[in-house]
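Have a look at protein29.cif below; it lists mmCIF, C-alpha atoms and all ligand atoms.
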data_upload
loop_
_atom_site.label_atom_id
_atom_site.label_comp_id
_atom_site.auth_asym_id
_atom_site.auth_seq_id
_atom_site.Cartn_x
_atom_site.Cartn_y
_atom_site.Cartn_z
CA MET A 1 38.25 -211.88 33.29
CA LYS A 2 36.52 -210.75 36.50
CA VAL A 3 33.14 -209.06 36.15
CA PRO A 4 31.68 -207.49 39.30
CA PHE A 5 27.91 -207.11 39.74
CA SER A 6 27.23 -203.39 39.99
CA PRO A 7 30.05 -201.18 41.26
CA PRO A 8 29.14 -197.48 41.44
CA ARG A 9 30.40 -195.03 38.87
CA ILE A 10 32.86 -192.89 40.81
CA ASP A 11 35.23 -190.64 38.89
CA GLU A 12 37.15 -187.40 39.40
CA LYS A 13 33.96 -185.34 39.04
CA ASN A 14 32.33 -186.99 42.07
CA ILE A 15 35.55 -186.85 44.04
CA GLU A 16 36.05 -183.14 43.33
CA ALA A 17 32.44 -182.38 44.23
CA VAL A 18 32.79 -184.16 47.58
CA VAL A 19 36.12 -182.47 48.32
CA GLU A 20 34.57 -179.08 47.56
CA VAL A 21 31.85 -179.71 50.17
CA LEU A 22 34.36 -181.02 52.70
CA ARG A 23 36.37 -177.82 52.27
CA SER A 24 33.30 -175.57 52.36
CA GLY A 25 32.81 -175.79 56.12
CA TRP A 26 29.24 -177.17 55.75
CA ILE A 27 28.93 -180.96 55.41
CA THR A 28 25.45 -181.92 56.63
CA THR A 29 22.03 -180.85 55.24
CA GLY A 30 22.42 -177.46 53.57
CA PRO A 31 22.60 -175.78 50.17
CA LYS A 32 23.75 -178.86 48.21
CA THR A 33 20.88 -180.97 49.55
CA LYS A 34 18.36 -178.24 48.70
CA GLU A 35 19.82 -177.92 45.20
CA PHE A 36 19.71 -181.68 44.71
CA GLU A 37 16.05 -181.75 45.80
CA LYS A 38 15.26 -179.10 43.21
CA ARG A 39 17.10 -181.04 40.49
CA ILE A 40 15.22 -184.26 41.29
CA ALA A 41 11.92 -182.35 41.31
CA ASP A 42 12.70 -180.85 37.88
CA PHE A 43 13.84 -184.19 36.49
CA CYS A 44 10.70 -185.97 37.71
CA MET A 45 8.38 -183.04 37.00
CA VAL A 46 6.93 -182.99 40.53
CA PRO A 47 6.32 -179.90 42.65
CA ASP A 48 8.25 -180.87 45.77
CA VAL A 49 10.93 -183.37 46.76
CA LEU A 50 12.49 -184.08 50.13
CA CYS A 51 15.80 -185.92 50.22
CA VAL A 52 16.55 -188.28 53.08
CA ASN A 53 19.26 -190.76 54.00
CA SER A 54 17.60 -193.82 52.39
CA ALA A 55 14.50 -194.93 50.56
CA SER A 56 13.61 -197.02 53.60
CA ALA A 57 13.55 -193.91 55.78
CA GLY A 58 11.57 -192.05 53.11
CA LEU A 59 8.89 -194.74 52.92
CA GLU A 60 8.60 -194.93 56.69
CA LEU A 61 8.39 -191.16 57.03
CA VAL A 62 5.48 -191.08 54.57
CA LEU A 63 3.64 -193.93 56.33
CA HIS A 64 4.10 -192.06 59.60
CA TRP A 65 2.90 -188.79 58.07
CA PHE A 66 -0.25 -190.54 56.75
CA GLY A 67 -0.88 -191.89 60.26
CA VAL A 68 -0.38 -195.58 59.50
CA GLY A 69 -0.20 -197.52 62.76
CA ALA A 70 -1.38 -200.51 64.76
CA GLY A 71 -4.43 -202.20 63.26
CA ASP A 72 -3.82 -200.73 59.78
CA GLU A 73 -2.94 -202.73 56.68
CA VAL A 74 -0.63 -201.87 53.79
CA ILE A 75 -0.84 -203.82 50.53
CA LEU A 76 2.46 -204.65 48.84
CA PRO A 77 3.89 -207.33 46.54
CA ALA A 78 5.30 -210.58 47.92
CA TYR A 79 8.18 -210.15 45.48
CA THR A 80 10.26 -207.21 46.66
CA TYR A 81 13.17 -206.26 48.85
CA THR A 82 12.54 -206.55 52.58
CA ALA A 83 12.59 -202.74 53.06
CA THR A 84 9.10 -202.43 51.52
CA ALA A 85 7.53 -204.59 54.23
CA ASN A 86 9.86 -203.78 57.12
CA VAL A 87 8.82 -200.12 57.18
CA VAL A 88 5.19 -201.22 57.54
CA LEU A 89 6.11 -203.44 60.50
CA HIS A 90 8.08 -200.55 62.07
CA CYS A 91 4.83 -198.53 62.07
CA GLY A 92 3.05 -201.35 63.90
CA ALA A 93 0.86 -202.04 60.85
CA THR A 94 0.40 -205.28 58.88
CA PRO A 95 1.89 -205.89 55.44
CA VAL A 96 -0.73 -207.59 53.26
CA MET A 97 1.15 -209.36 50.50
CA VAL A 98 -0.21 -209.85 47.01
CA ASP A 99 1.21 -212.08 44.27
CA VAL A 100 2.96 -210.67 41.19
CA LYS A 101 2.65 -211.10 37.44
CA ASP A 102 4.99 -212.62 34.92
CA ASP A 103 6.71 -209.21 34.63
CA PHE A 104 7.67 -209.32 38.37
CA ASP A 105 5.36 -206.41 39.34
CA ILE A 106 2.32 -206.53 41.62
CA ASP A 107 -0.75 -208.22 40.10
CA VAL A 108 -3.41 -205.51 40.24
CA SER A 109 -6.19 -208.05 39.59
CA LYS A 110 -5.38 -209.50 43.02
CA ILE A 111 -5.33 -206.21 44.94
CA ALA A 112 -9.10 -205.63 45.22
CA ALA A 113 -9.60 -208.92 47.07
CA ALA A 114 -6.90 -207.88 49.56
CA VAL A 115 -8.51 -204.54 50.44
CA THR A 116 -10.32 -204.32 53.79
CA PRO A 117 -11.62 -201.38 55.86
CA ARG A 118 -8.18 -201.40 57.53
CA THR A 119 -6.27 -200.80 54.26
CA LYS A 120 -4.57 -197.41 54.36
CA VAL A 121 -1.87 -197.62 51.72
CA ILE A 122 -0.92 -199.58 48.60
CA MET A 123 2.81 -199.76 47.91
CA PRO A 124 3.49 -200.93 44.36
CA VAL A 125 7.15 -201.67 43.61
CA ASP A 126 8.70 -201.03 40.17
CA ILE A 127 10.85 -204.14 40.18
CA ALA A 128 14.13 -203.67 38.28
CA GLY A 129 12.82 -200.27 37.12
CA TRP A 130 9.76 -201.58 35.24
CA PRO A 131 6.72 -199.43 36.14
CA CYS A 132 3.67 -201.12 37.64
CA ASP A 133 0.19 -200.89 36.08
CA TYR A 134 -0.50 -197.42 37.43
CA ASN A 135 -3.69 -196.65 35.49
CA GLU A 136 -5.29 -199.70 37.06
CA ILE A 137 -3.89 -199.05 40.56
CA ASN A 138 -4.96 -195.40 40.56
CA ALA A 139 -8.41 -196.33 39.22
CA LEU A 140 -8.79 -199.03 41.87
CA VAL A 141 -8.24 -196.67 44.82
CA LYS A 142 -10.85 -194.29 43.35
CA ASP A 143 -13.37 -197.05 42.68
CA GLU A 144 -16.64 -196.37 44.54
CA ARG A 145 -16.73 -199.75 46.31
CA ILE A 146 -13.10 -199.51 47.46
CA ARG A 147 -13.52 -195.88 48.48
CA LYS A 148 -16.57 -196.74 50.59
CA MET A 149 -14.55 -199.29 52.54
CA PHE A 150 -11.87 -196.70 53.42
CA THR A 151 -12.07 -195.78 57.11
CA PRO A 152 -10.06 -192.60 57.73
CA THR A 153 -8.77 -191.96 61.23
CA THR A 154 -6.39 -188.99 60.76
CA GLU A 155 -6.75 -185.54 59.19
CA GLU A 156 -4.55 -186.57 56.25
CA GLN A 157 -6.58 -189.72 55.64
CA LYS A 158 -9.84 -187.73 55.80
CA MET A 159 -8.48 -185.18 53.37
CA LEU A 160 -7.47 -187.84 50.83
CA GLY A 161 -10.65 -189.84 51.39
CA ARG A 162 -9.19 -192.98 49.88
CA ILE A 163 -6.23 -195.38 50.01
CA LEU A 164 -2.87 -193.64 49.48
CA VAL A 165 -0.72 -194.95 46.62
CA LEU A 166 2.89 -194.81 47.74
CA ALA A 167 5.22 -196.07 45.00
CA ASP A 168 8.34 -197.86 46.13
CA ALA A 169 10.35 -196.62 43.16
CA ALA A 170 13.70 -197.53 44.71
CA HIS A 171 14.70 -198.89 41.26
CA SER A 172 12.83 -196.67 38.83
CA LEU A 173 14.29 -193.17 38.64
CA GLY A 174 14.05 -192.27 34.94
CA ALA A 175 11.43 -194.89 34.07
CA CYS A 176 8.34 -193.74 32.15
CA TYR A 177 4.70 -194.71 31.99
CA GLU A 178 2.67 -193.27 29.12
CA ASN A 179 5.42 -190.67 28.66
CA LYS A 180 5.13 -189.55 32.29
CA PRO A 181 8.20 -189.95 34.48
CA SER A 182 8.37 -192.11 37.57
CA GLY A 183 7.69 -189.71 40.42
CA THR A 184 4.46 -188.39 38.88
CA LEU A 185 2.65 -191.71 38.61
CA THR A 186 1.17 -191.90 42.12
CA ASP A 187 0.38 -189.72 45.14
CA ILE A 188 3.88 -190.11 46.58
CA THR A 189 6.95 -191.82 45.13
CA VAL A 190 10.16 -192.76 46.90
CA PHE A 191 13.50 -193.32 45.12
CA SER A 192 16.66 -194.92 46.46
CA PHE A 193 20.19 -193.63 45.90
CA HIS A 194 21.86 -196.60 47.58
CA ALA A 195 25.29 -197.64 46.26
CA VAL A 196 23.95 -200.16 43.74
CA LYS A 197 21.25 -197.92 42.34
CA ASN A 198 21.39 -196.21 38.91
CA LEU A 199 21.91 -192.84 40.57
CA THR A 200 23.85 -193.19 43.77
CA THR A 201 24.82 -190.90 46.61
CA ALA A 202 26.31 -193.89 48.52
CA GLU A 203 23.15 -193.97 50.64
CA GLY A 204 20.14 -191.77 50.12
CA GLY A 205 16.56 -191.44 49.06
CA ALA A 206 14.03 -188.93 47.77
CA ILE A 207 10.35 -188.46 48.50
CA CYS A 208 8.42 -186.98 45.54
CA LEU A 209 5.21 -185.26 46.59
CA ASN A 210 2.53 -185.35 43.94
CA LEU A 211 -0.59 -185.35 46.11
CA PRO A 212 -3.85 -184.06 44.65
CA THR A 213 -5.58 -180.88 45.81
CA PRO A 214 -6.43 -179.79 48.47
CA PHE A 215 -3.04 -181.01 49.75
CA ASP A 216 -0.41 -178.27 49.87
CA THR A 217 2.80 -180.11 48.94
CA LYS A 218 5.00 -177.21 50.10
CA GLU A 219 3.42 -177.50 53.53
CA ILE A 220 3.81 -181.29 53.54
CA TYR A 221 7.46 -180.86 52.52
CA LYS A 222 7.95 -178.71 55.64
CA GLN A 223 6.17 -181.27 57.83
CA LEU A 224 8.30 -184.11 56.46
CA CYS A 225 11.47 -182.03 56.90
CA ILE A 226 10.63 -181.58 60.58
CA LYS A 227 9.76 -185.27 60.89
CA SER A 228 13.16 -186.17 59.38
CA LEU A 229 14.98 -184.05 61.99
CA HIS A 230 13.68 -185.18 65.38
CA GLY A 231 10.60 -183.01 65.08
CA GLN A 232 12.81 -179.94 65.39
CA THR A 233 11.34 -176.85 63.75
CA LYS A 234 14.65 -175.62 62.31
CA ASP A 235 17.47 -177.51 60.68
CA ALA A 236 21.08 -176.94 61.71
CA PHE A 237 21.76 -174.77 58.65
CA SER A 238 18.93 -172.30 59.44
CA LYS A 239 19.88 -172.26 63.11
CA MET A 240 23.40 -171.16 62.16
CA LYS A 241 22.10 -167.89 60.77
CA VAL A 242 22.89 -165.05 63.16
CA GLY A 243 20.19 -164.61 65.79
CA ASN A 244 18.20 -167.59 64.52
CA TRP A 245 19.14 -170.03 67.26
CA ARG A 246 15.78 -170.61 68.99
CA TYR A 247 13.89 -173.77 68.00
CA ASP A 248 11.07 -175.97 69.15
CA VAL A 249 10.46 -179.72 68.98
CA VAL A 250 6.91 -180.49 67.97
CA GLU A 251 6.99 -184.30 67.83
CA PRO A 252 9.39 -187.18 68.53
CA GLY A 253 10.59 -187.32 64.92
CA TYR A 254 13.12 -189.48 63.11
CA LYS A 255 16.74 -188.58 62.19
CA CYS A 256 17.15 -189.33 58.53
CA ASN A 257 18.19 -186.15 56.72
CA MET A 258 20.46 -186.23 53.67
CA THR A 259 23.92 -184.66 54.00
CA ASP A 260 25.54 -182.15 51.64
CA VAL A 261 28.55 -184.45 51.21
CA LEU A 262 26.27 -187.05 49.64
CA ALA A 263 24.05 -184.57 47.80
CA ALA A 264 27.22 -183.34 46.03
CA ILE A 265 27.64 -186.81 44.48
CA GLY A 266 23.98 -186.78 43.48
CA LEU A 267 24.31 -183.38 41.78
CA VAL A 268 27.11 -184.71 39.58
CA GLU A 269 25.05 -187.81 38.76
CA ILE A 270 21.75 -186.10 37.97
CA ASP A 271 23.56 -183.88 35.45
CA ARG A 272 24.61 -186.92 33.45
CA TYR A 273 21.75 -189.26 34.26
CA ALA A 274 19.41 -189.17 31.25
CA ASP A 275 21.92 -188.68 28.46
CA ASP A 276 24.72 -190.80 29.78
CA MET A 277 23.83 -193.26 32.55
CA LEU A 278 20.42 -194.33 31.19
CA LYS A 279 21.76 -194.55 27.64
CA LYS A 280 24.61 -196.80 28.73
CA ARG A 281 22.26 -199.03 30.69
CA LYS A 282 19.90 -199.29 27.74
CA TYR A 283 22.87 -200.27 25.57
CA ILE A 284 23.70 -203.12 27.97
CA PHE A 285 20.05 -204.26 28.12
CA ASP A 286 19.88 -204.30 24.31
CA LYS A 287 23.11 -206.30 24.04
CA TYR A 288 21.96 -208.88 26.59
CA SER A 289 18.50 -209.24 25.08
CA GLU A 290 19.82 -209.55 21.54
CA ALA A 291 22.14 -212.36 22.66
CA PHE A 292 19.83 -214.29 25.00
CA SER A 293 16.73 -214.18 22.81
CA LYS A 294 18.52 -216.48 20.36
CA TYR A 295 18.09 -219.34 22.84
CA ASP A 296 14.67 -220.84 23.52
CA PHE A 297 15.67 -221.76 27.09
CA PHE A 298 16.08 -218.12 28.13
CA LYS A 299 13.32 -215.66 28.86
CA VAL A 300 14.51 -212.07 28.50
CA PRO A 301 12.87 -209.35 30.61
CA GLU A 302 10.31 -206.95 29.21
CA TYR A 303 11.81 -203.46 29.34
CA GLU A 304 10.24 -201.28 26.66
CA SER A 305 6.65 -201.26 25.44
CA SER A 306 4.28 -198.72 23.88
CA GLN A 307 3.17 -197.86 27.45
CA LYS A 308 6.23 -198.36 29.65
CA THR A 309 9.98 -197.80 29.58
CA THR A 310 12.20 -199.18 32.30
CA SER A 311 14.98 -197.32 34.08
CA TYR A 312 17.23 -200.26 33.08
CA HIS A 313 18.09 -200.85 36.71
CA ALA A 314 18.50 -204.63 36.86
CA TYR A 315 18.56 -207.25 34.09
CA LEU A 316 16.41 -210.13 35.30
CA LEU A 317 17.07 -213.10 33.03
CA ARG A 318 15.02 -216.26 33.50
CA VAL A 319 15.86 -219.83 32.49
CA ASN A 320 12.68 -221.52 31.26
CA GLY A 321 11.56 -224.61 33.10
CA VAL A 322 14.30 -224.75 35.75
CA GLY A 323 13.65 -224.82 39.48
CA GLU A 324 15.61 -223.34 42.37
CA ALA A 325 18.22 -226.12 42.55
CA GLN A 326 19.10 -226.01 38.84
CA ARG A 327 19.14 -222.22 38.87
CA ASP A 328 21.55 -222.28 41.81
CA GLU A 329 23.75 -224.75 39.92
CA ILE A 330 23.81 -222.45 36.88
CA MET A 331 24.73 -219.52 39.12
CA LYS A 332 27.52 -221.53 40.69
CA LYS A 333 28.96 -222.25 37.25
CA ILE A 334 28.72 -218.57 36.30
CA PHE A 335 30.50 -217.58 39.51
CA GLU A 336 33.23 -220.12 38.69
CA GLN A 337 33.94 -218.05 35.58
CA GLU A 338 34.37 -215.01 37.87
CA VAL A 339 31.17 -213.30 36.78
CA ALA A 340 29.14 -211.96 39.69
CA VAL A 341 25.41 -212.61 39.43
CA ASN A 342 22.55 -212.23 41.85
CA VAL A 343 18.89 -212.99 42.47
CA HIS A 344 16.34 -210.17 42.71
CA PHE A 345 14.64 -211.15 45.00
CA ILE A 346 13.96 -213.99 47.40
CA PRO A 347 10.18 -213.51 47.88
CA LEU A 348 9.40 -212.16 51.34
CA PRO A 349 7.31 -215.18 52.44
CA MET A 350 10.45 -217.35 52.10
CA LEU A 351 12.39 -215.28 54.65
CA THR A 352 12.38 -216.18 58.35
CA CYS A 353 11.06 -212.80 59.49
CA TYR A 354 7.88 -213.22 57.43
CA LYS A 355 7.54 -216.99 57.74
CA GLU A 356 7.44 -216.43 61.50
CA ARG A 357 4.60 -213.98 60.94
CA GLY A 358 2.56 -216.57 59.09
CA TYR A 359 3.22 -215.73 55.42
CA LYS A 360 3.51 -218.83 53.20
CA ILE A 361 5.19 -218.95 49.81
CA GLU A 362 2.50 -221.41 48.62
CA ASP A 363 0.09 -218.45 48.59
CA TYR A 364 2.26 -216.62 46.04
CA PRO A 365 2.88 -219.10 43.20
CA MET A 366 3.95 -216.52 40.62
CA ALA A 367 6.44 -214.90 42.99
CA TYR A 368 7.96 -218.33 43.59
CA LYS A 369 7.99 -219.25 39.90
CA ASN A 370 9.70 -215.97 38.92
CA TYR A 371 12.24 -216.27 41.72
CA SER A 372 13.17 -219.89 41.17
CA CYS A 373 14.38 -219.45 37.59
CA GLU A 374 15.73 -215.89 37.82
CA ILE A 375 19.35 -214.72 37.55
CA SER A 376 20.26 -211.00 37.67
CA LEU A 377 23.20 -210.15 35.43
CA PRO A 378 25.93 -207.54 35.96
CA ILE A 379 24.94 -204.06 34.88
CA PHE A 380 26.88 -200.88 35.62
CA TYR A 381 28.15 -197.80 33.81
CA ASP A 382 31.74 -198.95 33.28
CA LEU A 383 30.85 -202.39 31.89
CA THR A 384 32.86 -202.78 28.68
CA ASP A 385 31.85 -204.53 25.44
CA GLU A 386 34.43 -207.18 26.19
CA GLN A 387 32.90 -207.78 29.62
CA ILE A 388 29.35 -207.84 28.21
CA ASN A 389 30.38 -210.54 25.74
CA PHE A 390 32.15 -212.45 28.48
CA VAL A 391 29.03 -212.35 30.68
CA ILE A 392 26.91 -213.60 27.77
CA ASP A 393 29.30 -216.46 27.01
CA SER A 394 29.60 -217.42 30.69
CA VAL A 395 25.83 -217.47 31.20
CA VAL A 396 25.19 -219.44 28.01
CA ASN A 397 27.96 -221.96 28.79
CA ALA A 398 26.86 -222.46 32.38
CA THR A 399 23.23 -222.92 31.39
CA CYS A 400 24.04 -225.35 28.56
CA LEU A 401 26.21 -227.40 30.90
CA VAL A 402 23.48 -227.70 33.53
CA LEU A 403 20.68 -228.32 31.03
CA GLY A 404 22.84 -230.79 29.08
CA LYS A 405 22.43 -228.84 25.81
C1 LIG B 501 12.49 -202.50 46.14
C2 LIG B 501 13.30 -201.76 47.17
N1 LIG B 501 12.67 -200.95 48.04
C3 LIG B 501 13.34 -200.25 48.97
C4 LIG B 501 14.71 -200.34 49.05
C5 LIG B 501 15.40 -199.59 50.13
O1 LIG B 501 16.31 -198.65 49.64
P1 LIG B 501 17.39 -198.00 50.62
O2 LIG B 501 18.53 -198.94 50.69
O3 LIG B 501 17.74 -196.70 49.97
O4 LIG B 501 16.73 -197.82 51.93
C6 LIG B 501 15.41 -201.16 48.19
C7 LIG B 501 16.87 -201.28 48.28
O5 LIG B 501 17.51 -202.05 47.63
C8 LIG B 501 14.69 -201.89 47.22
O6 LIG B 501 15.32 -202.73 46.37
#
Show me the file's structure as structure tokens.
Ligand SMILES: Cc1ncc(COP(=O)(O)O)c(C=O)c1O
Amino acid sequence: MKVPFSPPRIDEKNIEAVVEVLRSGWITTGPKTKEFEKRIADFCMVPDVLCVNSASAGLELVLHWFGVGAGDEVILPAYTYTATANVVLHCGATPVMVDVKDDFDIDVSKIAAAVTPRTKVIMPVDIAGWPCDYNEINALVKDERIRKMFTPTTEEQKMLGRILVLADAAHSLGACYENKPSGTLTDITVFSFHAVKNLTTAEGGAICLNLPTPFDTKEIYKQLCIKSLHGQTKDAFSKMKVGNWRYDVVEPGYKCNMTDVLAAIGLVEIDRYADDMLKKRKYIFDKYSEAFSKYDFFKVPEYESSQKTTSYHAYLLRVNGVGEAQRDEIMKKIFEQEVAVNVHFIPLPMLTCYKERGYKIEDYPMAYKNYSCEISLPIFYDLTDEQINFVIDSVVNATCLVLGK
């Protein structure tokens, strides 16, 4: 039996929705994108949402809006996907990496020591959909000592008067923290709708604006819209209206708007996200955890607590006591049974791009420990009971073989 890792859920509903847009005569940013933005805003209970063509673009747009540039520092976890740090480098700023905890998320107790007068943003990442310690992060940026260090250089930075918390929530649409949805937990949150994500539009992202007063999120939405369209003051849809052709370009912006073709997929998915997609993913998590917790050599991920609920994005199983080589051997034996598994993630300091910039994995022992014994299991909407059981058997067999159990 072949089990893929995480194919998207595409059925007749998505196909019909895309065909409808293709036939409508309007395929780029337009009414479907605006409707999708509204639906994400309602789902996440935030005032304003801008959709873009990826989470990476969304994160970079926000850093640019906040005026992050050369000489600035952005704090982020060493254990994340490369997008989190790459967008900081694109702005000419320096990613300052912090180690993570046993639950894979950034270790807040290590953030304060990483803050300097150059720190402009903290980017926590909800790894696998598990929310970070947001009470502690939000309290830290408001702490008197940390606030005093903040050195604003742009109007936006002066208005906020402290470090911006920009959540990389690429994995965590639908996750909750103290009954509040991901999207409302920090100043700004960015989701990904990439093909492997819980809610996919093939490629896509959303920026949730939840900034405190005196920020006017409607105004910031407009600014980000312009920034996502070459700095042009009108999008193509508005320009099409009779007599509305004249436009201006106010800055050399990016080009990263979402298209209506993709928003149409998102509209189908958001309709069935909470009651269908999340429920199915929880079912798979429960099945895996029930099976693997019977063995003392597995460590199952934390995914529900009195404070936090995951979005059930990725199932990060760990094999106690093994190192990289043994983990790789186990993965090889799982692959031999035609079950696709993965590792989320190789810590950034182990990748050439960051090694060349001086980051060393020795400085992030927990990131390395988590990585070296981690195996991400298949999880997707259409995974059947038979496949779930097959994955469990394959993982148990492969691990027993390698551990000699
Ligand atoms: C933690 C994290 N951040 C950011 C991204 C970037 O998302 P996108 O592919 O939508 O740009 C990803 C993508 O996998 C991710 O895993």
Shell of 7 Å around Ser172 (chain A), all atoms listed in the file, local chain residues under 4 positions omitted, as a list in words: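 These residues fall inside the cut-off: Asp126, Gly129, Trp130, Ser182 and Ser311 of chain A.
A distance search around ligand LIG 501 (chain B) (6 Å at most, all atoms listed in the file) returns the following protein and nucleic acid residues: Ser54, Ala55, Ser56, Thr80, Tyr81, Ala83, Thr84, Val125, Asp168, Ala170, Ser192, Phe193, His194, Gly204 and Gly205 of chain A.
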For CA of Leu377 (chain A) and CA of Ile284 (chain A), the interatomic separation in Å (one decimal):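 Spanning CA of Leu377 (chain A) to CA of Ile284 (chain A) is a straight-line distance of 10.3 Å.
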Spatial neighbours of region 218-234 of chain A, 6 Å, all atoms listed in the file, chain gap at least 2 places, as a VMD selection string: chain A and resid 216 247 to 257
Selection near Ala206 (chain A), 6 Å with all atoms listed in the file, sequence-local residues under 6 positions removed, as a list in words: Leu50, Cys51, Val52, Val190 and Phe191 of chain A
Please provide as a CSV table (one decimal) with C-alpha atoms, keeping the file's coordinate frame all residues within 8 Å of region 14-30 of chain A, with the sequence filter that same-chain residues fewer than 6 positions apart are discarded (counting all atoms listed in the file).
chain,number,residue,atom,x,y,z
A,235,ASP,CA,17.5,-177.5,60.7
A,236,ALA,CA,21.1,-176.9,61.7
A,237,PHE,CA,21.8,-174.8,58.6
A,257,ASN,CA,18.2,-186.2,56.7
A,258,MET,CA,20.5,-186.2,53.7
A,259,THR,CA,23.9,-184.7,54.0
A,260,ASP,CA,25.5,-182.2,51.6
A,261,VAL,CA,28.6,-184.4,51.2
A,262,LEU,CA,26.3,-187.0,49.6
A,264,ALA,CA,27.2,-183.3,46.0
A,265,ILE,CA,27.6,-186.8,44.5
A,268,VAL,CA,27.1,-184.7,39.6
Between CA of Lys120 (chain A) and CA of Phe66 (chain A) - distance in Å to one decimal: 8.5 Å
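Distance check against Ile137 (chain A) using only C-alpha atoms: of A:Thr151, A:Asn53, A:Thr186, A:Thr119, the minimum falls on A:Thr186.
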